Amino acid sequence: MMRLESLWMRAVTLLLVEDDVDDEALMVRVLARRQPALTYHVARNGRDALAYLAQAPSPPQLILLDLQLPRLGGLELLQALRLEPATRLTPVVVFTSSTDRTDVVTAYDLGANSYIFKPVEFQHFSSVLEQLLNYWVELNQPLPPRTDHLRYLS
Amino acid sequence: MWQRLWHDLRHEGAWLPLLALLTLLLLLMQFNADGFPIIADLILALLALQLSVVVWYSSGVARNRFLVLLAAGSFWVGVWYLLHVVAELEIVPVVAAATTYHYGLAARLLEALMLFAAAWMVGVPTSPWFCRQRWFLQFAAATLLLWFAIGHGYWPFQGGGAVTTMWVAESLLLLLLLLALWQLWQRRDWFEHSMLPLLLLAYGTTALVQLLLLLLEQPVIPPPLLLLKVGASAILTLTLIRHSLVLPFRTLTRGLHSYDAVPVPTLLLDQQGVIRHCNGAAMRLAGATEDQLIGVPVHRLFHDAAISSHDCPVCRAITDGELPKVLELSLPARQQCRQITLTPLTASGIPGAVLEVSHDITETRQAQEALLRYRNELEQRVAERTRELQHTNQELESFSYSVAHDMRSPLRAINGFASVLLEDCGEHLDPIAIRHLERIRCATLRMNGLIDSMLQLSQVMQNEPQWQSVDLAALATETLAELQAAEPHRRVELALTGDLQTYGDPDLLRLLLDNLIGNAWKFTYHQPLAQIRLQRAAGDGFCLCDNGVGFDPCYQEKLFRAFSRLHTEQEFHGNGIGLATVRRIVQQHRGSVWAEGTPGRGACFCFTLDNRHDAVGESLDEGSHPAAS
């Protein structure tokens with residue numbers, strides 16, 4: 001398990017936006033067991049996440065986003081990410097307990113790449129997390145480095 | 001009869017000009033006795049001519065045989081009196097002064113004839129022969145005959161005023177007048193009660209004058225007798241004018257006077273909008289007397305002097321001929337709103353007359369405005385309450401959302417860390433601790449199911465159904481297939497009978513069948529061959545029956561209450577929310593739901609849906625909900 005401090009200012013593969021320490025601990029456990037090579041950063045709320053992204057040399061390969069966050073909520077954060085040119089195209093997967101239809105629709109409307117329900121049962125939870133990391137980190141072709149894709153888009 | 005007559009006469013003031021005339025003559029008689037006979041004869045002539053003209057032109061309604069005869073005859077009587085005056089004045093040579101007495105006699109003779117004929121002819125059966133022109137010509141012929149007789153010596157009373165012939169002539173005249181009086185008495189039933197006494201008075205006075213004249217045996221009528229005669233003539237003339245003009249006119253205008261009793265202000269207007277008649281209510285409203293209102297343009301009643309009749313809607317409606325019309329006039333000066341009804345009157349006698357009836361509708365208008373105000377206030381209040389309710393609903397929604405989210409996180413932690421504990425330290429724990437950890441995990445899963453159901457129930461309550469055509473058979477088959485896939489070892493038969501096509505919200509009906517078939521599936525667990533049957537019930541209901549464990553009918557009421565269960569968790573899984581959700585869905589579809597069952601012999605759950613949508617059909621597929629008819 002990597003220390004958070006050591007990762008500060010370093011580019012990471014995964015940004016976890018999660019306010020619940022228990023959920024975070026469970027997710028980190030799954031990550032450590034199944035994807036030990038993965039680098040990640042945890043933000044407790046939307047503001048922390050934005051602060052981290054503003055300083056990070058390059059955006060992460062994937063952002064895992066909880067919706068119910070203190071201060072800046074998950075959906076507001078998503079909106080801010082999509083407005084920011086650097087993170088406009090970064091894959092964001094909403095990983096939440098909410099099954100509310102409005103949340104699903106709003107999330108997709110704001111540009112979420114995926115919406116995944118966070119299961120209560122731990123076996124199920126870890127298998128879902130494992131599968132989504134497999135897909136988005138292993139299988140999915142990541143976005144080229146920032147300068148490249150900006151040039152391409154312009 | 002006399003009292004009534006006296007009252008009428010006094011009320012009409014008809015006696016006043018008569019009295020004045022007689023007083024004048026009396027004074028004249030006192031101061032100039034020589035000229036008096038000429039003046040009296042002139043007045044007699046004028047009275048006769050006036051009577052003739054007035055009665056001649058009186059309305060056909062009032063004219064009767066008596067009046068026709070008097071009208072035709074009195075003209076020529078007047079002519080004879082005029083001739084008498086002319087003869088006395090000696091201003092026309094043809095009329096010799098010597099025949100003065102004879103002219104007077106002829107005049108009185110014709111008068112007596114006329115009075116007799118008029119009284120006599122009253123009772124004679126009607127014939128078209130008796131028209132006024134014919135009578136006029138007959139009297140003219142009589143006049144000519146008399147004229148000829150007097151002028152050419154055929155006059156039987158010739159002789160320069162010899163006492164004998166004079167006496168005979170005057171006696172004949174008296175006889176004629178008495179006969180006339182007698183005839184009048186005979187025919188008294190033909191006359192109006194208020195007319196007969198005056199006629200008797202006039203006839204009687206005339207006869208009395210004649211009698212006195214006979215007794216006095218004078219060639220010239222003495223002034224007092226002349227005065228009496230003028231009085232009799234005047235009474236006759238006034239009586240006939242009263243009966244041929246005043247009374248008929250009063251009868252005609254009685255219709256107008258009947259408006260006086262009406263408590264609603266009513267005016268009779270002519271075609272220029274000038275007031276021609278007003279009733280008491282109108283006078284009270286205007287605060288004016290009849291004299292002040294009659295002849296005034298009607299717009300003066302409603303507006304001040306600054307507004308001309310052109311700007312008055314009432315006057316405009318009358319002059320433009322837009323009748324009948326109902327107008328509303330608001331009068332700020334009087335703080336009133338009046339409804340004015342204008343009705344054209346064709347038979348009122350005034351050309352282009354309009355009846356104007358005015359109602360005070362101030363209170364009605366005020367009530368209407370108040371009602372409108374209250375309605376708006378009510379709508380505002382309803383809108384406010386709706387907003388508040390929506391706000392509360394949103395709060396509730398976000399509350400249940402938060403509850404669901406916030407309850408799931410700790411559950412996930414309990415479940416997760418229990419699992420972690422089992423994974424990491426499983427080999428160090430004794431079997432009892434492991435079992436306890438397993439029970440913790442199972443409890444969290446059960447609670448998770450409970451949260452799911454509660455969220456489902458709250459979502460059913462929040463959403464209005466989207467009406468569409470729904471095939472319950474297809475939904476039931478899908479639900480059963482899912483259950484079968486989860487538990488492939490179970491042997492369950494699903495029978496679908498009857499028309500299972502209906503209208504409703506597909507998602508909600510899916511949830512309803514999920515719950516009902518899920519229950520049936522659950523409670524037929526002990527059956528080697530479970531049988532579930534979805535069928536069309538009598539009317540527009542549907543029933544889902546099974547051969548499961550059934551229930552005691554005395555618990556029927558408890559079945560649909562949230563969190564109430566008839567079985568323990570060990571017997572059958574469940575949280576008691578399923579049937580509450582079912583009932584809520586049926587209520588959303590404005591239907592009803594009930595259950596029938598006996599312990600050990602299965603259960604039947606029946607429900608109806610609002611069938612008004614069937615008739616409207618596919619046009620409702622848009623999801624819009626039509627207003628209840």
# chains A, B, ... in the order shown; residues from 1 in each chain; ligands from 1
$ interface_residues --of "chain B" --to "chain A" --cutoff "8 Å" --atoms "only C-alpha atoms" --output "VMD selection string"
chain B and resid 401 404 to 405 408 to 413 415 to 417 419 441 445 448
$ write_last_selection --atoms "C-alpha atoms" --output "PDB file, in the first residue's frame"
ATOM      1  CA  TYR B 401     -32.568   9.255  -0.961  1.00  0.00           C
ATOM      2  CA  ALA B 404     -30.975   4.987   1.450  1.00  0.00           C
ATOM      3  CA  HIS B 405     -27.505   6.206   0.620  1.00  0.00           C
ATOM      4  CA  ARG B 408     -26.137   1.572   2.655  1.00  0.00           C
ATOM      5  CA  SER B 409     -22.667   2.912   3.445  1.00  0.00           C
ATOM      6  CA  PRO B 410     -22.528   1.594   7.029  1.00  0.00           C
ATOM      7  CA  LEU B 411     -24.151  -1.641   5.860  1.00  0.00           C
ATOM      8  CA  ARG B 412     -21.466  -2.000   3.262  1.00  0.00           C
ATOM      9  CA  ALA B 413     -18.844  -1.331   5.943  1.00  0.00           C
ATOM     10  CA  ASN B 415     -20.623  -6.470   5.533  1.00  0.00           C
ATOM     11  CA  GLY B 416     -17.234  -5.570   4.105  1.00  0.00           C
ATOM     12  CA  PHE B 417     -15.281  -5.700   7.351  1.00  0.00           C
ATOM     13  CA  SER B 419     -15.950 -10.401   5.153  1.00  0.00           C
ATOM     14  CA  ARG B 441     -23.278 -10.569   6.879  1.00  0.00           C
ATOM     15  CA  LEU B 445     -28.069  -8.310   3.266  1.00  0.00           C
ATOM     16  CA  ASN B 448     -30.243  -4.013   2.254  1.00  0.00           C
TER      17      ASN B 448
END
$ residues_around --residues "segment 576-583 of chain B" --least-positions-apart "2" --cutoff "10 Å" --atoms "only C-alpha atoms" --output "mmCIF file with N, CA, C and O atoms, in the first residue's frame"
data_model
loop_
_atom_site.group_PDB
_atom_site.id
_atom_site.type_symbol
_atom_site.label_atom_id
_atom_site.label_comp_id
_atom_site.auth_asym_id
_atom_site.auth_seq_id
_atom_site.Cartn_x
_atom_site.Cartn_y
_atom_site.Cartn_z
ATOM 1 N N LEU B 450 -34.443 -4.618 2.610
ATOM 2 C CA LEU B 450 -35.468 -3.755 3.181
ATOM 3 C C LEU B 450 -35.358 -2.330 2.619
ATOM 4 O O LEU B 450 -36.354 -1.716 2.246
ATOM 5 N N SER B 453 -36.723 -2.225 -0.872
ATOM 6 C CA SER B 453 -38.187 -2.220 -0.921
ATOM 7 C C SER B 453 -38.742 -0.864 -0.530
ATOM 8 O O SER B 453 -39.696 -0.357 -1.137
ATOM 9 N N MET B 454 -38.149 -0.268 0.515
ATOM 10 C CA MET B 454 -38.641 1.046 0.956
ATOM 11 C C MET B 454 -38.451 2.082 -0.138
ATOM 12 O O MET B 454 -39.335 2.913 -0.390
ATOM 13 N N GLN B 456 -38.348 1.491 -3.289
ATOM 14 C CA GLN B 456 -39.309 1.166 -4.338
ATOM 15 C C GLN B 456 -40.685 1.753 -3.992
ATOM 16 O O GLN B 456 -41.325 2.397 -4.816
ATOM 17 N N LEU B 457 -41.110 1.526 -2.743
ATOM 18 C CA LEU B 457 -42.410 2.026 -2.293
ATOM 19 C C LEU B 457 -42.465 3.552 -2.403
ATOM 20 O O LEU B 457 -43.444 4.118 -2.897
ATOM 21 N N SER B 458 -41.402 4.213 -1.968
ATOM 22 C CA SER B 458 -41.431 5.680 -2.016
ATOM 23 C C SER B 458 -41.432 6.171 -3.456
ATOM 24 O O SER B 458 -42.030 7.186 -3.777
ATOM 25 N N GLN B 459 -40.764 5.425 -4.323
ATOM 26 C CA GLN B 459 -40.765 5.842 -5.738
ATOM 27 C C GLN B 459 -42.138 5.657 -6.376
ATOM 28 O O GLN B 459 -42.575 6.490 -7.163
ATOM 29 N N VAL B 460 -42.834 4.573 -5.978
ATOM 30 C CA VAL B 460 -44.203 4.350 -6.482
ATOM 31 C C VAL B 460 -45.090 5.508 -6.064
ATOM 32 O O VAL B 460 -45.910 6.002 -6.808
ATOM 33 N N MET B 461 -44.914 5.971 -4.836
ATOM 34 C CA MET B 461 -45.765 7.042 -4.320
ATOM 35 C C MET B 461 -45.478 8.371 -5.007
ATOM 36 O O MET B 461 -46.340 9.232 -5.071
ATOM 37 N N LEU B 508 -44.929 0.248 -13.281
ATOM 38 C CA LEU B 508 -45.608 -0.003 -12.006
ATOM 39 C C LEU B 508 -46.311 -1.359 -12.016
ATOM 40 O O LEU B 508 -46.271 -2.092 -11.024
ATOM 41 N N LEU B 509 -46.945 -1.694 -13.156
ATOM 42 C CA LEU B 509 -47.653 -2.979 -13.228
ATOM 43 C C LEU B 509 -46.650 -4.128 -13.182
ATOM 44 O O LEU B 509 -46.936 -5.197 -12.633
ATOM 45 N N LEU B 511 -43.903 -4.029 -11.457
ATOM 46 C CA LEU B 511 -43.557 -4.111 -10.041
ATOM 47 C C LEU B 511 -44.658 -4.824 -9.268
ATOM 48 O O LEU B 511 -44.384 -5.659 -8.383
ATOM 49 N N LEU B 512 -45.915 -4.524 -9.639
ATOM 50 C CA LEU B 512 -47.063 -5.156 -8.984
ATOM 51 C C LEU B 512 -47.022 -6.670 -9.178
ATOM 52 O O LEU B 512 -47.126 -7.450 -8.218
ATOM 53 N N LEU B 513 -46.826 -7.083 -10.451
ATOM 54 C CA LEU B 513 -46.809 -8.521 -10.727
ATOM 55 C C LEU B 513 -45.569 -9.167 -10.103
ATOM 56 O O LEU B 513 -45.640 -10.302 -9.619
ATOM 57 N N ASP B 514 -44.435 -8.449 -10.096
ATOM 58 C CA ASP B 514 -43.233 -8.964 -9.437
ATOM 59 C C ASP B 514 -43.540 -9.329 -7.997
ATOM 60 O O ASP B 514 -43.173 -10.395 -7.513
ATOM 61 N N ASN B 515 -44.222 -8.407 -7.324
ATOM 62 C CA ASN B 515 -44.533 -8.638 -5.916
ATOM 63 C C ASN B 515 -45.521 -9.778 -5.733
ATOM 64 O O ASN B 515 -45.323 -10.647 -4.881
ATOM 65 N N LEU B 516 -46.620 -9.756 -6.531
ATOM 66 C CA LEU B 516 -47.660 -10.779 -6.352
ATOM 67 C C LEU B 516 -47.140 -12.165 -6.748
ATOM 68 O O LEU B 516 -47.323 -13.148 -6.010
ATOM 69 N N GLY B 518 -44.025 -12.992 -7.009
ATOM 70 C CA GLY B 518 -42.953 -13.311 -6.062
ATOM 71 C C GLY B 518 -43.516 -13.933 -4.794
ATOM 72 O O GLY B 518 -42.999 -14.930 -4.285
ATOM 73 N N ASN B 519 -44.614 -13.353 -4.304
ATOM 74 C CA ASN B 519 -45.281 -13.917 -3.119
ATOM 75 C C ASN B 519 -45.774 -15.329 -3.396
ATOM 76 O O ASN B 519 -45.575 -16.243 -2.593
ATOM 77 N N LYS B 558 -54.668 -6.829 7.701
ATOM 78 C CA LYS B 558 -53.259 -6.561 8.006
ATOM 79 C C LYS B 558 -52.351 -6.755 6.795
ATOM 80 O O LYS B 558 -51.256 -6.192 6.750
ATOM 81 N N LEU B 559 -52.854 -7.580 5.833
ATOM 82 C CA LEU B 559 -52.009 -8.005 4.720
ATOM 83 C C LEU B 559 -51.318 -6.858 4.000
ATOM 84 O O LEU B 559 -50.138 -6.920 3.693
ATOM 85 N N PHE B 560 -52.096 -5.786 3.740
ATOM 86 C CA PHE B 560 -51.581 -4.754 2.843
ATOM 87 C C PHE B 560 -50.874 -3.624 3.600
ATOM 88 O O PHE B 560 -50.491 -2.642 3.014
ATOM 89 N N ARG B 561 -50.774 -3.775 4.927
ATOM 90 C CA ARG B 561 -50.095 -2.724 5.690
ATOM 91 C C ARG B 561 -48.592 -2.928 5.614
ATOM 92 O O ARG B 561 -48.105 -4.073 5.662
ATOM 93 N N ALA B 562 -47.861 -1.822 5.524
ATOM 94 C CA ALA B 562 -46.400 -1.919 5.415
ATOM 95 C C ALA B 562 -45.821 -2.539 6.687
ATOM 96 O O ALA B 562 -46.312 -2.278 7.788
ATOM 97 N N PHE B 563 -44.821 -3.348 6.529
ATOM 98 C CA PHE B 563 -44.066 -4.003 7.599
ATOM 99 C C PHE B 563 -44.885 -5.018 8.381
ATOM 100 O O PHE B 563 -44.452 -5.482 9.424
ATOM 101 N N SER B 564 -46.142 -5.328 7.913
ATOM 102 C CA SER B 564 -46.886 -6.342 8.664
ATOM 103 C C SER B 564 -46.739 -7.672 7.948
ATOM 104 O O SER B 564 -46.933 -7.768 6.735
ATOM 105 N N ARG B 565 -46.383 -8.698 8.699
ATOM 106 C CA ARG B 565 -46.139 -10.014 8.096
ATOM 107 C C ARG B 565 -46.952 -11.060 8.827
ATOM 108 O O ARG B 565 -47.210 -10.929 10.019
ATOM 109 N N LEU B 566 -47.392 -12.086 8.099
ATOM 110 C CA LEU B 566 -48.157 -13.163 8.716
ATOM 111 C C LEU B 566 -47.258 -14.347 9.059
ATOM 112 O O LEU B 566 -47.654 -15.255 9.773
ATOM 113 N N HIS B 567 -46.054 -14.330 8.497
ATOM 114 C CA HIS B 567 -45.166 -15.482 8.715
ATOM 115 C C HIS B 567 -43.843 -14.991 9.282
ATOM 116 O O HIS B 567 -43.476 -13.833 9.089
ATOM 117 N N HIS B 573 -39.082 -15.770 3.625
ATOM 118 C CA HIS B 573 -38.386 -14.479 3.598
ATOM 119 C C HIS B 573 -39.369 -13.383 3.230
ATOM 120 O O HIS B 573 -40.333 -13.605 2.525
ATOM 121 N N GLY B 574 -39.088 -12.180 3.675
ATOM 122 C CA GLY B 574 -39.955 -11.051 3.294
ATOM 123 C C GLY B 574 -39.865 -9.952 4.318
ATOM 124 O O GLY B 574 -39.387 -10.166 5.434
ATOM 125 N N ILE B 585 -49.673 0.806 -5.755
ATOM 126 C CA ILE B 585 -49.705 0.846 -7.229
ATOM 127 C C ILE B 585 -51.153 0.821 -7.724
ATOM 128 O O ILE B 585 -51.543 1.584 -8.617
ATOM 129 N N VAL B 586 -51.970 -0.043 -7.104
ATOM 130 C CA VAL B 586 -53.379 -0.137 -7.521
ATOM 131 C C VAL B 586 -54.090 1.191 -7.249
ATOM 132 O O VAL B 586 -54.875 1.669 -8.061
ATOM 133 N N GLN B 587 -53.771 1.804 -6.107
ATOM 134 C CA GLN B 587 -54.377 3.111 -5.804
ATOM 135 C C GLN B 587 -53.951 4.156 -6.824
ATOM 136 O O GLN B 587 -54.744 5.001 -7.229
ATOM 137 N N GLN B 588 -52.708 4.101 -7.241
ATOM 138 C CA GLN B 588 -52.222 5.029 -8.263
ATOM 139 C C GLN B 588 -53.019 4.856 -9.549
ATOM 140 O O GLN B 588 -53.198 5.793 -10.303
ATOM 141 N N HIS B 589 -53.496 3.642 -9.799
ATOM 142 C CA HIS B 589 -54.302 3.372 -10.993
ATOM 143 C C HIS B 589 -55.788 3.509 -10.703
ATOM 144 O O HIS B 589 -56.612 3.050 -11.488
ATOM 145 N N GLY B 591 -57.718 2.007 -8.671
ATOM 146 C CA GLY B 591 -58.430 0.740 -8.585
ATOM 147 C C GLY B 591 -58.486 0.291 -7.144
ATOM 148 O O GLY B 591 -58.229 1.073 -6.233
ATOM 149 N N SER B 592 -58.868 -0.972 -6.931
ATOM 150 C CA SER B 592 -58.877 -1.493 -5.564
ATOM 151 C C SER B 592 -58.259 -2.885 -5.573
ATOM 152 O O SER B 592 -58.196 -3.546 -6.612
ATOM 153 N N VAL B 593 -57.832 -3.308 -4.398
ATOM 154 C CA VAL B 593 -57.179 -4.611 -4.292
ATOM 155 C C VAL B 593 -57.712 -5.317 -3.051
ATOM 156 O O VAL B 593 -58.031 -4.673 -2.061
ATOM 157 N N TRP B 594 -57.878 -6.615 -3.181
ATOM 158 C CA TRP B 594 -58.351 -7.392 -2.034
ATOM 159 C C TRP B 594 -57.787 -8.812 -2.146
ATOM 160 O O TRP B 594 -57.291 -9.193 -3.215
ATOM 161 N N PHE B 605 -55.171 -13.032 -4.950
ATOM 162 C CA PHE B 605 -55.051 -11.572 -4.828
ATOM 163 C C PHE B 605 -55.682 -10.942 -6.066
ATOM 164 O O PHE B 605 -55.254 -11.230 -7.189
ATOM 165 N N PHE B 607 -57.244 -7.494 -8.139
ATOM 166 C CA PHE B 607 -57.134 -6.038 -8.216
ATOM 167 C C PHE B 607 -57.878 -5.531 -9.449
ATOM 168 O O PHE B 607 -58.049 -6.245 -10.432
#
$ select_by_dssp --residues "segment 119-304 of chain B" --states "helix (DSSP H, G or I)" --output "PyMOL selection string"
chain B and resi 119-121+132-151+163-186+188-190+196-216+223-261+280-286+290-293+299-302
$ residues_around --residues "segment 128-144 of chain B" --least-positions-apart "3" --cutoff "9 Å" --atoms "only C-alpha atoms" --output "VMD selection string"
chain B and resid 56 65 68 to 69 71 to 77 79 to 80 106 110 114 147 to 149
$ write_last_selection --atoms "N, CA, C and O atoms" --output "compact mmCIF listing (two decimals), in the first residue's frame"
# COMPACT_ATOMS: atom_id res chain seq x y z
N TRP B 56 -117.02 65.00 -32.26
CA TRP B 56 -116.80 64.49 -33.62
C TRP B 56 -115.43 63.84 -33.74
O TRP B 56 -115.27 62.80 -34.33
N ARG B 65 -123.64 55.87 -29.89
CA ARG B 65 -124.75 56.43 -30.65
C ARG B 65 -125.15 57.81 -30.14
O ARG B 65 -125.37 58.75 -30.89
N VAL B 68 -122.64 60.37 -31.15
CA VAL B 68 -122.68 60.63 -32.59
C VAL B 68 -123.80 61.60 -32.93
O VAL B 68 -123.61 62.59 -33.65
N LEU B 69 -124.94 61.35 -32.33
CA LEU B 69 -126.08 62.21 -32.59
C LEU B 69 -125.85 63.64 -32.11
O LEU B 69 -126.14 64.62 -32.79
N ALA B 71 -122.94 65.06 -31.64
CA ALA B 71 -121.90 65.70 -32.45
C ALA B 71 -122.50 66.23 -33.75
O ALA B 71 -122.20 67.35 -34.18
N ALA B 72 -123.34 65.38 -34.37
CA ALA B 72 -123.92 65.80 -35.66
C ALA B 72 -124.91 66.95 -35.47
O ALA B 72 -124.94 67.91 -36.25
N GLY B 73 -125.71 66.87 -34.39
CA GLY B 73 -126.77 67.84 -34.22
C GLY B 73 -126.31 69.17 -33.65
O GLY B 73 -126.74 70.24 -34.09
N SER B 74 -125.37 69.10 -32.69
CA SER B 74 -125.04 70.35 -31.99
C SER B 74 -124.32 71.33 -32.91
O SER B 74 -124.34 72.54 -32.66
N PHE B 75 -123.69 70.82 -34.00
CA PHE B 75 -123.09 71.74 -34.95
C PHE B 75 -124.15 72.68 -35.52
O PHE B 75 -124.01 73.90 -35.53
N TRP B 76 -125.25 72.08 -35.92
CA TRP B 76 -126.31 72.89 -36.53
C TRP B 76 -127.07 73.70 -35.49
O TRP B 76 -127.52 74.81 -35.79
N VAL B 77 -127.14 73.21 -34.28
CA VAL B 77 -127.72 74.03 -33.19
C VAL B 77 -126.89 75.28 -33.02
O VAL B 77 -127.41 76.41 -32.92
N VAL B 79 -124.99 76.61 -35.23
CA VAL B 79 -125.22 77.47 -36.40
C VAL B 79 -126.46 78.33 -36.19
O VAL B 79 -126.46 79.54 -36.47
N TRP B 80 -127.54 77.74 -35.67
CA TRP B 80 -128.78 78.48 -35.44
C TRP B 80 -128.62 79.56 -34.39
O TRP B 80 -129.12 80.67 -34.53
N ALA B 106 -136.06 78.39 -33.58
CA ALA B 106 -135.56 77.28 -34.41
C ALA B 106 -134.35 76.63 -33.75
O ALA B 106 -134.23 75.40 -33.74
N LEU B 110 -134.34 72.77 -32.74
CA LEU B 110 -133.35 71.80 -33.22
C LEU B 110 -132.62 71.16 -32.03
O LEU B 110 -132.35 69.96 -32.01
N MET B 114 -132.59 67.35 -31.11
CA MET B 114 -131.33 66.64 -30.99
C MET B 114 -131.27 65.89 -29.66
O MET B 114 -130.91 64.71 -29.61
N TRP B 147 -134.84 76.90 -42.29
CA TRP B 147 -134.42 78.18 -42.90
C TRP B 147 -135.40 78.57 -44.00
O TRP B 147 -135.88 79.68 -44.08
N PHE B 148 -135.66 77.56 -44.84
CA PHE B 148 -136.59 77.79 -45.94
C PHE B 148 -137.97 78.18 -45.41
O PHE B 148 -138.61 79.12 -45.89
N ALA B 149 -138.40 77.46 -44.41
CA ALA B 149 -139.75 77.70 -43.85
C ALA B 149 -139.84 79.10 -43.25
O ALA B 149 -140.81 79.83 -43.48
$ select_by_dssp --residues "segment 180-327 of chain B" --states "strand (DSSP E)" --output "list of chain:residue names"
B:Thr266, B:Leu267, B:Leu268, B:Leu269, B:Ile275, B:Arg276, B:His277, B:Cys278, B:Lys325, B:Val326, B:Leu327
$ residues_around --residues "Val93 of chain A" --least-positions-apart "2" --cutoff "12 Å" --atoms "only C-alpha atoms" --output "NGL selection string"
:A and (14-17 or 61-67 or 74-75 or 78 or 90-91 or 95-96 or 104 or 107-108 or 110-118 or 129 or 132-133 or 135-137)
$ closest_residue --among "A:Tyr52, A:Val12, A:Leu77, A:Ser127" --to "Val92 of chain A" --atoms "only C-alpha atoms"
A:Leu77
$ atom_distance --atom1 "atom CA of Glu322 of chain B" --atom2 "atom CA of Leu342 of chain B"
9.2 Å
$ atom_distance --atom1 "atom CA of Val86 of chain B" --atom2 "atom CA of Ala40 of chain B"
12.9 Å
$ atom_distance --atom1 "atom CA of Thr444 of chain B" --atom2 "atom CA of Ile414 of chain B"
7.2 Å
$ residues_around --residues "Ile318 of chain B" --least-positions-apart "3" --cutoff "12 Å" --atoms "only C-alpha atoms" --output "VMD selection string"
chain B and resid 268 to 274 297 to 299 309 to 310 312 to 315 321 to 327 341 to 345 352 to 356
